[in-house]
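Pasting coords-v3.tsv here (TSV, C-alpha atoms and all ligand atoms):
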```
chain	number	residue	atom	x	y	z
A	23	MET	CA	76.31	112.20	91.63
A	24	THR	CA	74.15	114.63	93.55
A	25	ASN	CA	74.87	116.32	96.84
A	26	GLU	CA	72.27	114.09	98.47
A	27	SER	CA	74.38	111.00	97.83
A	28	GLY	CA	75.55	109.35	101.00
A	29	THR	CA	72.93	110.99	103.16
A	30	ARG	CA	69.36	109.75	103.49
A	31	GLY	CA	69.11	109.59	99.72
A	32	ARG	CA	71.25	107.19	97.75
A	33	PRO	CA	74.20	105.89	99.75
A	34	PHE	CA	77.69	106.50	98.42
A	35	LYS	CA	79.13	103.48	96.68
A	36	VAL	CA	82.79	102.76	97.28
A	37	VAL	CA	84.60	99.81	95.79
A	38	GLY	CA	87.05	98.29	98.26
A	39	LEU	CA	90.16	96.78	96.71
A	40	PRO	CA	92.25	95.24	99.51
A	41	GLY	CA	94.80	93.74	97.08
A	42	ASP	CA	98.03	92.07	98.21
A	43	GLY	CA	100.64	92.04	100.99
A	44	ILE	CA	99.79	94.60	103.67
A	45	GLY	CA	96.96	95.90	101.44
A	46	PRO	CA	94.19	93.96	103.26
A	47	GLU	CA	95.54	95.07	106.67
A	48	VAL	CA	95.53	98.78	105.90
A	49	TYR	CA	92.23	98.39	104.04
A	50	SER	CA	90.66	96.99	107.24
A	51	ALA	CA	91.80	100.14	109.02
A	52	ALA	CA	90.00	102.24	106.40
A	53	ARG	CA	86.84	100.19	106.86
A	54	ARG	CA	86.93	100.78	110.62
A	55	VAL	CA	87.17	104.52	110.14
A	56	LEU	CA	84.31	104.54	107.65
A	57	ASP	CA	82.22	102.57	110.17
A	58	VAL	CA	82.88	105.21	112.82
A	59	LEU	CA	81.88	107.98	110.42
A	60	GLY	CA	78.78	106.05	109.39
A	61	GLU	CA	77.70	105.57	113.02
A	62	SER	CA	78.14	109.17	114.06
A	63	ARG	CA	77.18	111.06	110.94
A	64	ASP	CA	74.50	110.99	108.32
A	65	LEU	CA	77.03	109.51	105.95
A	66	HIS	CA	76.08	106.21	104.42
A	67	ILE	CA	78.78	104.41	102.47
A	68	GLU	CA	78.22	101.01	100.88
A	69	LEU	CA	81.47	99.12	100.49
A	70	ASP	CA	81.63	96.64	97.62
A	71	GLU	CA	84.79	94.53	97.95
A	72	GLN	CA	86.42	93.36	94.74
A	73	LEU	CA	89.63	91.75	93.51
A	74	ILE	CA	92.71	93.42	92.05
A	75	GLY	CA	96.40	92.60	91.63
A	76	GLY	CA	97.92	89.29	92.65
A	77	ALA	CA	94.83	88.25	94.59
A	78	ALA	CA	92.82	88.70	91.38
A	79	VAL	CA	95.39	86.79	89.32
A	80	ASP	CA	95.14	83.86	91.73
A	81	ALA	CA	91.34	83.84	91.69
A	82	THR	CA	90.61	84.68	88.04
A	83	GLY	CA	93.86	84.73	86.04
A	84	SER	CA	93.57	88.49	85.45
A	85	PRO	CA	94.97	91.35	87.60
A	86	LEU	CA	91.87	93.45	86.85
A	87	PRO	CA	88.79	91.22	86.36
A	88	GLN	CA	85.81	92.55	84.44
A	89	GLN	CA	83.70	92.30	87.60
A	90	THR	CA	85.99	94.80	89.33
A	91	ILE	CA	85.74	97.20	86.39
A	92	ASP	CA	81.93	96.92	86.39
A	93	ALA	CA	81.77	97.55	90.14
A	94	CYS	CA	83.94	100.67	89.80
A	95	ARG	CA	81.74	101.94	86.98
A	96	ALA	CA	78.78	101.94	89.34
A	97	ALA	CA	80.72	103.58	92.19
A	98	ASP	CA	81.64	107.06	93.41
A	99	ALA	CA	85.17	106.05	94.36
A	100	ALA	CA	87.52	103.13	94.93
A	101	LEU	CA	89.78	102.53	97.88
A	102	LEU	CA	92.84	100.41	97.17
A	103	GLY	CA	95.29	98.79	99.62
A	104	ALA	CA	98.29	97.73	97.54
A	105	VAL	CA	99.20	95.32	94.76
A	106	GLY	CA	102.17	93.08	94.03
A	107	GLY	CA	104.59	90.72	95.72
A	108	PRO	CA	107.39	88.25	94.99
A	109	LYS	CA	104.87	85.44	94.55
A	110	TRP	CA	103.92	86.85	91.13
A	111	ASP	CA	107.38	88.05	90.04
A	112	GLY	CA	107.96	85.33	87.48
A	113	ARG	CA	104.53	85.69	85.86
A	114	PRO	CA	104.11	86.73	82.22
A	115	ALA	CA	103.47	90.46	81.65
A	116	GLU	CA	99.69	89.92	81.38
A	117	GLN	CA	99.56	88.49	84.90
A	118	ARG	CA	101.69	91.01	86.74
A	119	PRO	CA	99.75	92.48	89.69
A	120	GLU	CA	100.93	96.04	88.82
A	121	LEU	CA	99.12	95.72	85.51
A	122	GLY	CA	95.86	95.77	87.46
A	123	LEU	CA	96.77	99.21	88.74
A	124	LEU	CA	97.89	100.53	85.35
A	125	ARG	CA	94.71	99.20	83.72
A	126	ILE	CA	92.37	100.75	86.24
A	127	ARG	CA	94.14	104.10	85.72
A	128	ALA	CA	93.71	103.81	81.94
A	129	GLU	CA	90.18	102.36	82.03
A	130	PHE	CA	88.81	105.22	84.15
A	131	GLY	CA	90.98	107.99	82.71
A	132	LEU	CA	92.56	108.75	86.09
A	133	PHE	CA	94.97	111.29	84.63
A	134	CYS	CA	95.41	113.47	87.68
A	135	ASN	CA	97.40	111.97	90.54
A	136	LEU	CA	97.64	114.04	93.71
A	137	ARG	CA	100.33	113.27	96.25
A	138	PRO	CA	100.38	115.76	99.12
A	139	ILE	CA	103.61	116.00	101.10
A	140	VAL	CA	103.09	117.65	104.45
A	141	THR	CA	105.60	117.41	107.27
A	142	HIS	CA	104.44	117.46	110.87
A	143	PRO	CA	106.70	118.67	113.70
A	144	ALA	CA	106.09	115.43	115.65
A	145	LEU	CA	107.62	113.51	112.75
A	146	HIS	CA	110.61	115.71	111.90
A	147	ALA	CA	112.94	113.45	113.88
A	148	PHE	CA	112.12	110.50	111.62
A	149	SER	CA	113.14	112.14	108.37
A	150	PRO	CA	116.70	111.70	107.11
A	151	LEU	CA	116.70	115.48	106.57
A	152	ARG	CA	117.59	117.98	109.27
A	153	PRO	CA	114.53	119.45	111.05
A	154	GLU	CA	115.34	123.02	110.01
A	155	ARG	CA	114.93	122.00	106.35
A	156	LEU	CA	111.52	120.46	107.07
A	157	ARG	CA	109.83	123.37	108.72
A	158	GLY	CA	106.90	124.59	106.65
A	159	VAL	CA	107.05	121.84	104.03
A	160	ASP	CA	103.60	121.59	102.43
A	161	LEU	CA	103.69	120.68	98.78
A	162	MET	CA	101.34	118.97	96.37
A	163	ILE	CA	102.73	116.77	93.65
A	164	VAL	CA	100.41	116.70	90.63
A	165	ARG	CA	101.56	113.75	88.56
A	166	GLU	CA	100.14	113.06	85.10
A	167	LEU	CA	99.07	109.42	85.40
A	168	THR	CA	97.77	108.03	82.12
A	169	GLY	CA	100.36	109.07	79.52
A	170	GLY	CA	104.07	109.10	78.78
A	171	SER	CA	106.34	106.08	78.72
A	172	TYR	CA	104.03	104.10	81.02
A	173	PHE	CA	101.41	103.85	78.30
A	174	GLY	CA	103.33	104.41	75.05
A	175	LYS	CA	104.11	101.69	72.55
A	176	LYS	CA	106.47	99.08	74.00
A	177	TRP	CA	108.39	96.23	72.48
A	178	ARG	CA	111.45	94.13	73.10
A	179	ASP	CA	113.47	91.50	71.28
A	180	ASP	CA	116.67	89.84	72.41
A	181	ASP	CA	118.84	92.80	71.45
A	182	GLN	CA	116.72	95.92	71.79
A	183	ALA	CA	113.76	97.36	73.61
A	184	GLU	CA	111.71	100.52	73.37
A	185	ASP	CA	109.21	102.43	75.55
A	186	VAL	CA	107.77	105.33	73.61
A	187	CYS	CA	107.13	108.52	75.60
A	188	ARG	CA	104.32	110.39	73.87
A	189	TYR	CA	102.17	113.26	75.09
A	190	THR	CA	99.40	115.14	73.31
A	191	ARG	CA	98.33	118.74	73.78
A	192	PRO	CA	94.93	117.84	75.37
A	193	GLU	CA	96.66	115.52	77.84
A	194	VAL	CA	98.94	118.32	79.00
A	195	GLU	CA	96.12	120.87	79.03
A	196	ARG	CA	93.78	118.90	81.27
A	197	VAL	CA	96.37	118.07	83.92
A	198	THR	CA	97.66	121.65	83.87
A	199	ARG	CA	94.09	122.88	84.45
A	200	ALA	CA	93.80	120.49	87.39
A	201	ALA	CA	97.07	121.84	88.78
A	202	GLY	CA	95.87	125.41	88.25
A	203	ARG	CA	92.67	124.74	90.21
A	204	ILE	CA	94.66	123.16	93.03
A	205	ALA	CA	97.15	126.04	93.06
A	206	ARG	CA	94.23	128.44	93.55
A	207	GLN	CA	93.33	126.67	96.78
A	208	ARG	CA	96.94	126.97	97.93
A	209	ASN	CA	99.69	129.55	97.37
A	210	ARG	CA	99.14	129.91	93.62
A	211	ARG	CA	102.62	128.80	92.62
A	212	ILE	CA	103.30	125.92	90.24
A	213	THR	CA	106.72	124.46	89.51
A	214	LEU	CA	106.66	122.64	86.18
A	215	VAL	CA	109.25	119.87	86.35
A	216	ASP	CA	110.63	118.49	83.09
A	217	LYS	CA	113.75	117.80	81.04
A	218	ALA	CA	113.20	120.44	78.36
A	219	ASN	CA	116.91	120.76	77.69
A	220	VAL	CA	116.83	117.25	76.22
A	221	LEU	CA	113.30	115.92	75.62
A	222	GLU	CA	110.82	117.01	72.93
A	223	THR	CA	107.88	115.91	75.11
A	224	SER	CA	109.13	118.31	77.80
A	225	ARG	CA	109.24	121.15	75.27
A	226	LEU	CA	105.61	120.45	74.35
A	227	TRP	CA	104.71	120.43	78.06
A	228	ARG	CA	106.35	123.82	78.57
A	229	ALA	CA	104.61	125.45	75.63
A	230	VAL	CA	101.16	124.05	76.42
A	231	ALA	CA	101.24	124.33	80.21
A	232	HIS	CA	102.40	127.96	80.17
A	233	ARG	CA	99.70	128.87	77.66
A	234	VAL	CA	96.99	127.31	79.86
A	235	ILE	CA	98.22	129.12	82.97
A	236	ARG	CA	98.65	132.45	81.19
A	237	ASP	CA	95.21	132.34	79.52
A	238	GLU	CA	93.10	130.66	82.18
A	239	PHE	CA	94.90	131.17	85.49
A	240	PRO	CA	96.47	134.64	85.31
A	241	ASP	CA	96.50	134.75	89.12
A	242	VAL	CA	98.76	131.66	89.26
A	243	THR	CA	102.50	131.74	88.56
A	244	MET	CA	104.42	128.94	86.94
A	245	GLU	CA	108.19	128.47	87.02
A	246	ASN	CA	110.23	125.81	85.24
A	247	MET	CA	112.67	123.38	86.78
A	248	TYR	CA	114.65	120.54	85.23
A	249	VAL	CA	113.92	117.21	86.87
A	250	ASP	CA	117.53	116.61	87.93
A	251	ALA	CA	117.63	119.99	89.66
A	252	ALA	CA	114.19	119.36	91.19
A	253	SER	CA	115.41	116.12	92.78
A	254	MET	CA	118.14	118.18	94.45
A	255	HIS	CA	115.97	121.12	95.50
A	256	LEU	CA	113.46	118.73	97.09
A	257	LEU	CA	116.22	117.92	99.57
A	258	THR	CA	117.87	121.33	99.96
A	259	ARG	CA	114.83	123.64	100.05
A	260	PRO	CA	111.63	121.56	100.10
A	261	ALA	CA	109.62	124.30	101.84
A	262	ASP	CA	109.91	126.48	98.71
A	263	PHE	CA	107.59	124.26	96.64
A	264	ASP	CA	103.83	124.76	96.49
A	265	VAL	CA	102.44	122.73	93.56
A	266	LEU	CA	104.85	120.51	91.62
A	267	LEU	CA	103.42	119.55	88.22
A	268	THR	CA	105.11	116.85	86.19
A	269	GLU	CA	104.76	113.94	83.77
A	270	ASN	CA	104.14	110.32	84.72
A	271	LEU	CA	107.62	108.82	85.17
A	272	PHE	CA	109.21	111.90	86.74
A	273	GLY	CA	106.27	112.08	89.15
A	274	ASP	CA	106.71	108.44	90.11
A	275	ILE	CA	110.34	109.00	91.01
A	276	LEU	CA	110.03	112.38	92.70
A	277	SER	CA	107.08	111.32	94.84
A	278	ASP	CA	109.06	108.49	96.43
A	279	GLU	CA	111.91	110.90	97.06
A	280	ALA	CA	109.55	113.48	98.56
A	281	SER	CA	107.92	110.89	100.81
A	282	MET	CA	111.16	110.74	102.77
A	283	LEU	CA	110.60	114.33	103.88
A	284	CYS	CA	107.75	112.97	106.00
A	285	GLY	CA	109.81	110.19	107.55
A	286	SER	CA	108.12	107.11	106.13
A	287	MET	CA	106.38	105.93	102.97
A	288	GLY	CA	103.71	104.70	105.35
A	289	LEU	CA	102.42	108.24	105.82
A	290	LEU	CA	101.69	109.25	102.23
A	291	PRO	CA	98.20	109.18	100.70
A	292	SER	CA	97.23	109.67	97.07
A	293	ALA	CA	94.23	110.38	94.91
A	294	SER	CA	93.93	109.54	91.21
A	295	LEU	CA	91.11	111.50	89.61
A	296	ASN	CA	89.32	111.71	86.30
A	297	GLU	CA	87.18	114.53	84.89
A	298	GLU	CA	83.99	113.11	86.43
A	299	ARG	CA	84.93	113.15	90.10
A	300	PHE	CA	85.46	109.38	90.28
A	301	GLY	CA	88.68	108.73	92.12
A	302	LEU	CA	90.93	105.88	93.11
A	303	TYR	CA	92.42	106.45	96.55
A	304	GLU	CA	95.45	104.55	97.74
A	305	PRO	CA	98.50	104.84	99.95
A	306	VAL	CA	101.68	105.59	97.99
A	307	HIS	CA	103.51	102.72	99.69
A	308	GLY	CA	103.48	99.28	98.10
A	309	SER	CA	102.45	95.86	99.36
A	310	ALA	CA	105.50	95.47	101.68
A	311	PRO	CA	105.54	91.64	101.51
A	312	ASP	CA	108.27	91.46	104.19
A	313	ILE	CA	105.89	92.66	106.91
A	314	ALA	CA	102.59	91.38	105.49
A	315	GLY	CA	100.37	89.43	107.87
A	316	LYS	CA	102.22	90.59	110.98
A	317	GLY	CA	99.78	93.32	112.01
A	318	VAL	CA	102.49	95.99	112.05
A	319	ALA	CA	101.78	97.91	108.83
A	320	ASN	CA	101.43	101.67	109.12
A	321	PRO	CA	97.76	102.51	108.41
A	322	TYR	CA	98.17	106.31	108.32
A	323	ALA	CA	98.74	106.59	104.55
A	324	MET	CA	95.54	104.63	103.98
A	325	LEU	CA	93.55	106.67	106.50
A	326	LEU	CA	94.78	109.90	104.93
A	327	SER	CA	93.68	108.46	101.57
A	328	VAL	CA	90.19	108.01	103.07
A	329	ALA	CA	90.27	111.71	103.98
A	330	MET	CA	91.19	112.58	100.38
A	331	MET	CA	88.28	110.43	99.17
A	332	LEU	CA	85.85	112.22	101.49
A	333	ARG	CA	87.07	115.55	100.15
A	334	HIS	CA	87.49	114.92	96.42
A	335	SER	CA	84.90	112.29	95.45
A	336	LEU	CA	82.27	112.35	98.23
A	337	ASN	CA	82.14	116.11	98.76
A	338	ARG	CA	82.41	115.80	102.56
A	339	PRO	CA	85.23	118.24	103.46
A	340	GLY	CA	84.11	118.53	107.08
A	341	GLU	CA	84.62	114.84	107.79
A	342	ALA	CA	87.87	114.85	105.78
A	343	GLU	CA	89.28	117.60	107.94
A	344	ALA	CA	88.11	115.99	111.18
A	345	LEU	CA	89.83	112.74	110.22
A	346	GLU	CA	93.06	114.53	109.30
A	347	GLN	CA	93.05	116.41	112.59
A	348	CYS	CA	92.59	113.19	114.56
A	349	ILE	CA	95.51	111.64	112.70
A	350	HIS	CA	97.73	114.65	113.45
A	351	ALA	CA	96.70	114.48	117.11
A	352	CYS	CA	97.77	110.82	117.19
A	353	TRP	CA	101.15	111.78	115.71
A	354	ALA	CA	101.59	114.47	118.32
A	355	ASP	CA	100.86	111.82	120.99
A	356	GLY	CA	103.56	109.57	119.52
A	357	LEU	CA	101.16	106.85	118.38
A	358	LEU	CA	103.32	105.41	115.63
A	359	THR	CA	104.00	102.04	114.05
A	360	ARG	CA	107.28	100.12	113.83
A	361	ASP	CA	108.44	101.62	110.55
A	362	LEU	CA	109.07	104.71	112.69
A	363	LEU	CA	109.53	103.47	116.27
A	364	PRO	CA	111.30	100.19	117.13
A	365	ASP	CA	108.76	99.47	119.88
A	366	GLY	CA	105.91	101.07	117.96
A	367	LEU	CA	102.25	100.07	118.01
A	368	GLY	CA	100.50	97.59	115.74
A	369	THR	CA	98.14	98.48	112.90
A	370	GLU	CA	95.00	97.84	114.93
A	371	ASP	CA	96.13	99.83	117.98
A	372	VAL	CA	96.88	102.87	115.84
A	373	THR	CA	93.57	102.48	114.02
A	374	GLU	CA	91.61	102.24	117.26
A	375	ALA	CA	93.36	105.35	118.58
A	376	VAL	CA	92.33	107.30	115.49
A	377	CYS	CA	88.78	105.91	115.68
A	378	ALA	CA	88.39	106.84	119.36
A	379	ARG	CA	89.43	110.43	118.66
A	380	LEU	CA	87.21	110.57	115.59
A	381	ALA	CA	84.15	109.28	117.45
A	382	ASN	CA	84.77	111.97	120.07
A	383	ALA	CA	85.22	114.72	117.52
A	384	MET	CA	82.04	113.70	115.73
A	385	ALA	CA	80.07	113.62	118.98
A	386	LEU	CA	81.35	117.07	119.96
A	387	SER	CA	80.50	118.66	116.63
A	388	ALA	CA	77.11	116.89	116.22
B	401	LIG	C1	103.13	104.22	92.09
B	401	LIG	C2	103.74	102.86	91.82
B	401	LIG	C3	103.26	102.37	90.46
B	401	LIG	C4	103.74	103.36	89.41
B	401	LIG	C5	103.68	100.93	90.10
B	401	LIG	C6	103.26	99.95	91.18
B	401	LIG	C7	103.19	100.51	88.77
B	401	LIG	O1	105.12	102.91	91.90
B	401	LIG	O2	101.89	104.33	92.11
B	401	LIG	O3	103.89	105.17	92.27
B	401	LIG	O4	104.88	103.25	88.94
B	401	LIG	O5	102.97	104.24	89.05
B	402	MG	MG	105.88	104.78	92.51
```

Show me, as structure tokens, the structure contained in the file I just sent.
Ligand code: IPM
Ligand code: MG
Amino acid sequence: MTNESGTRGRPFKVVGLPGDGIGPEVYSAARRVLDVLGESRDLHIELDEQLIGGAAVDATGSPLPQQTIDACRAADAALLGAVGGPKWDGRPAEQRPELGLLRIRAEFGLFCNLRPIVTHPALHAFSPLRPERLRGVDLMIVRELTGGSYFGKKWRDDDQAEDVCRYTRPEVERVTRAAGRIARQRNRRITLVDKANVLETSRLWRAVAHRVIRDEFPDVTMENMYVDAASMHLLTRPADFDVLLTENLFGDILSDEASMLCGSMGLLPSASLNEERFGLYEPVHGSAPDIAGKGVANPYAMLLSVAMMLRHSLNRPGEAEALEQCIHACWADGLLTRDLLPDGLGTEDVTEAVCARLANAMALSA
């Protein structure tokens, strides 16, 4: 990819993966925002919509069809809504919608999962935590995404089952380097979260991660924290964290916990990156089948994921920041969906409010 991509040269290519449940609804919101950016800026994004998850199982029998993989290979980034739903619960392992997500992570080596947790004063009242605990919370979870028990050898018979948790030195090194680079753009403090009092993989992580930070990031500090203690400290003193680095399963669990600091899962974006700048961007929330099709899904997590895509894969930090600022302005104006307010707005109303502010901001800064 060159810096000319997306301008008058080659347009950016983004694969759109609406997926299941509320996925298509929040994906439409993302498309609207990209249209607004395309109209007001020299930013040309070609969206190539493809199948993943349950929708792909229904159409092709596979949760990640080859055509989707090929499209991603030719793209700068992919934007995913959500996968899964009760409709596919009884399916054999090979046809589970979640497998589409796990396969795309493995296929593209998306080892570095970023989940920023930022609380906004307008949303403090919606968190189960007291507002005084939320002040100043701004942490980045860096979750290793292609190793550990998610991808180790698995088997089961009637009496036993096993999920092997394996990590190699290069796997730990590369995600630690990613965390080190991120820490440098923040407050230069990493908390390595593990279970080194019990697990051998955690002891490898500690040895390798500390060596990388000491040798390559001497300006960054790294402290250790056991995962059980981390789950507690995320609730008692969340503002003390800067970058939280951890393995796949711990990161899965802690990121859902941390999302509650913000008030709703519907507010949390994520980026899953490989070494080549290709990224998969998706809201952390799932497909929420109970509210699918009702037009009430919270689009903010998806729109913040678009901002992450602009920043990390498309090299357009200016537009990323403008979009984030418009979203924060909407929060300050109380423009929220029903996961937060009983008489809240619908998905499209919130999206249009963001788009109106964005069009304005773009016109002012043109
Ligand atoms: C997530 C999700 C996935 C995971 C599921 C859907 C496989 O919970 O992205 O956090 O466990 O990684
Ligand atoms: Mg999860």

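Proximal residues of ligand MG 402 (chain B) are Asp274, Ile275, Ser277, Asp278, Val306 and His307 of chain A, by a cut-off of 8 Å on all atoms listed in the file.
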
Just the selected residues (C-alpha atoms), exported as a JSON list (two decimals), in the coordinates of the input, please.
```
[["chain", "number", "residue", "atom", "x", "y", "z"],
["A", 274, "ASP", "CA", 106.71, 108.44, 90.11],
["A", 275, "ILE", "CA", 110.34, 109.00, 91.01],
["A", 277, "SER", "CA", 107.08, 111.32, 94.84],
["A", 278, "ASP", "CA", 109.06, 108.49, 96.43],
["A", 306, "VAL", "CA", 101.68, 105.59, 97.99],
["A", 307, "HIS", "CA", 103.51, 102.72, 99.69]]
```

Handout entry: Residues within 10 Å of ligand LIG 401 (chain B), counting only C-alpha atoms and all ligand atoms, as a ChimeraX atom specification
Key = /A:104-106,118-125,127,135,137,165,167-168,172,270-278,292,294,304-309

Selection file, C-alpha atoms, as a short mmCIF file (atom, residue, chain, number, x, y, z; two decimals), in the frame of the given file:
```
data_model
loop_
_atom_site.label_atom_id
_atom_site.label_comp_id
_atom_site.auth_asym_id
_atom_site.auth_seq_id
_atom_site.Cartn_x
_atom_site.Cartn_y
_atom_site.Cartn_z
CA ALA A 104 98.29 97.73 97.54
CA VAL A 105 99.20 95.32 94.76
CA GLY A 106 102.17 93.08 94.03
CA ARG A 118 101.69 91.01 86.74
CA PRO A 119 99.75 92.48 89.69
CA GLU A 120 100.93 96.04 88.82
CA LEU A 121 99.12 95.72 85.51
CA GLY A 122 95.86 95.77 87.46
CA LEU A 123 96.77 99.21 88.74
CA LEU A 124 97.89 100.53 85.35
CA ARG A 125 94.71 99.20 83.72
CA ARG A 127 94.14 104.10 85.72
CA ASN A 135 97.40 111.97 90.54
CA ARG A 137 100.33 113.27 96.25
CA ARG A 165 101.56 113.75 88.56
CA LEU A 167 99.07 109.42 85.40
CA THR A 168 97.77 108.03 82.12
CA TYR A 172 104.03 104.10 81.02
CA ASN A 270 104.14 110.32 84.72
CA LEU A 271 107.62 108.82 85.17
CA PHE A 272 109.21 111.90 86.74
CA GLY A 273 106.27 112.08 89.15
CA ASP A 274 106.71 108.44 90.11
CA ILE A 275 110.34 109.00 91.01
CA LEU A 276 110.03 112.38 92.70
CA SER A 277 107.08 111.32 94.84
CA ASP A 278 109.06 108.49 96.43
CA SER A 292 97.23 109.67 97.07
CA SER A 294 93.93 109.54 91.21
CA GLU A 304 95.45 104.55 97.74
CA PRO A 305 98.50 104.84 99.95
CA VAL A 306 101.68 105.59 97.99
CA HIS A 307 103.51 102.72 99.69
CA GLY A 308 103.48 99.28 98.10
CA SER A 309 102.45 95.86 99.36
#
```

Handout entry: Nearest to Ala231 of chain A, chosen from A:Val48, A:Ala200, A:Ala93, A:Val194, with all atoms listed in the file counted in the distances
Key = A:Val194

Fill in the blank from the handout: Nearest to Phe34 of chain A, restricted to only C-alpha atoms and choosing among A:Ala115, A:Leu221, A:Leu380, A:Leu332, comes out as A:Leu332

Handout entry: Closest of A:Pro311, A:Gly169, A:Gly112, A:Gly285 to Leu145 of chain A - atom-to-atom distances counting all atoms listed in the file
Key = A:Gly285

Exercise for the section: With a distance cut-off of 12 Å and all atoms listed in the file, select the neighbouring residues of Gly45 of chain A, excluding the residue or stretch itself and same-chain residues fewer than 5 positions from it, and output the selection as JSON, numbers by chain. Expected result: {"A": [38, 39, 40, 50, 51, 52, 73, 74, 75, 76, 77, 101, 102, 103, 104, 105, 106, 107, 288, 304, 305, 306, 307, 308, 309, 310, 311, 313, 314, 315, 317, 318, 319, 320, 321, 323, 324, 369]}

Using C-alpha atoms, can you write the selected residues to a file as a PDB file, in the frame of the given file?
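Dumped to out-v8.pdb:
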```
ATOM      1  CA  GLY A  38      87.050  98.290  98.260  1.00  0.00           C
ATOM      2  CA  LEU A  39      90.160  96.780  96.710  1.00  0.00           C
ATOM      3  CA  PRO A  40      92.250  95.240  99.510  1.00  0.00           C
ATOM      4  CA  SER A  50      90.660  96.990 107.240  1.00  0.00           C
ATOM      5  CA  ALA A  51      91.800 100.140 109.020  1.00  0.00           C
ATOM      6  CA  ALA A  52      90.000 102.240 106.400  1.00  0.00           C
ATOM      7  CA  LEU A  73      89.630  91.750  93.510  1.00  0.00           C
ATOM      8  CA  ILE A  74      92.710  93.420  92.050  1.00  0.00           C
ATOM      9  CA  GLY A  75      96.400  92.600  91.630  1.00  0.00           C
ATOM     10  CA  GLY A  76      97.920  89.290  92.650  1.00  0.00           C
ATOM     11  CA  ALA A  77      94.830  88.250  94.590  1.00  0.00           C
ATOM     12  CA  LEU A 101      89.780 102.530  97.880  1.00  0.00           C
ATOM     13  CA  LEU A 102      92.840 100.410  97.170  1.00  0.00           C
ATOM     14  CA  GLY A 103      95.290  98.790  99.620  1.00  0.00           C
ATOM     15  CA  ALA A 104      98.290  97.730  97.540  1.00  0.00           C
ATOM     16  CA  VAL A 105      99.200  95.320  94.760  1.00  0.00           C
ATOM     17  CA  GLY A 106     102.170  93.080  94.030  1.00  0.00           C
ATOM     18  CA  GLY A 107     104.590  90.720  95.720  1.00  0.00           C
ATOM     19  CA  GLY A 288     103.710 104.700 105.350  1.00  0.00           C
ATOM     20  CA  GLU A 304      95.450 104.550  97.740  1.00  0.00           C
ATOM     21  CA  PRO A 305      98.500 104.840  99.950  1.00  0.00           C
ATOM     22  CA  VAL A 306     101.680 105.590  97.990  1.00  0.00           C
ATOM     23  CA  HIS A 307     103.510 102.720  99.690  1.00  0.00           C
ATOM     24  CA  GLY A 308     103.480  99.280  98.100  1.00  0.00           C
ATOM     25  CA  SER A 309     102.450  95.860  99.360  1.00  0.00           C
ATOM     26  CA  ALA A 310     105.500  95.470 101.680  1.00  0.00           C
ATOM     27  CA  PRO A 311     105.540  91.640 101.510  1.00  0.00           C
ATOM     28  CA  ILE A 313     105.890  92.660 106.910  1.00  0.00           C
ATOM     29  CA  ALA A 314     102.590  91.380 105.490  1.00  0.00           C
ATOM     30  CA  GLY A 315     100.370  89.430 107.870  1.00  0.00           C
ATOM     31  CA  GLY A 317      99.780  93.320 112.010  1.00  0.00           C
ATOM     32  CA  VAL A 318     102.490  95.990 112.050  1.00  0.00           C
ATOM     33  CA  ALA A 319     101.780  97.910 108.830  1.00  0.00           C
ATOM     34  CA  ASN A 320     101.430 101.670 109.120  1.00  0.00           C
ATOM     35  CA  PRO A 321      97.760 102.510 108.410  1.00  0.00           C
ATOM     36  CA  ALA A 323      98.740 106.590 104.550  1.00  0.00           C
ATOM     37  CA  MET A 324      95.540 104.630 103.980  1.00  0.00           C
ATOM     38  CA  THR A 369      98.140  98.480 112.900  1.00  0.00           C
TER      39      THR A 369
END
```

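Neighbours of Tyr248 of chain A closer than or equal to 7 Å, with all atoms listed in the file counted and sequence neighbours fewer than 4 positions away skipped, come out as Val215, Asp216, Lys217 and Ala252 of chain A.
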
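The shortest atom-to-atom distance to Arg299 of chain A, with only C-alpha atoms taken into account, belongs to A:Ala99 out of A:Val220, A:Ala99, A:Ile91, A:Glu116.
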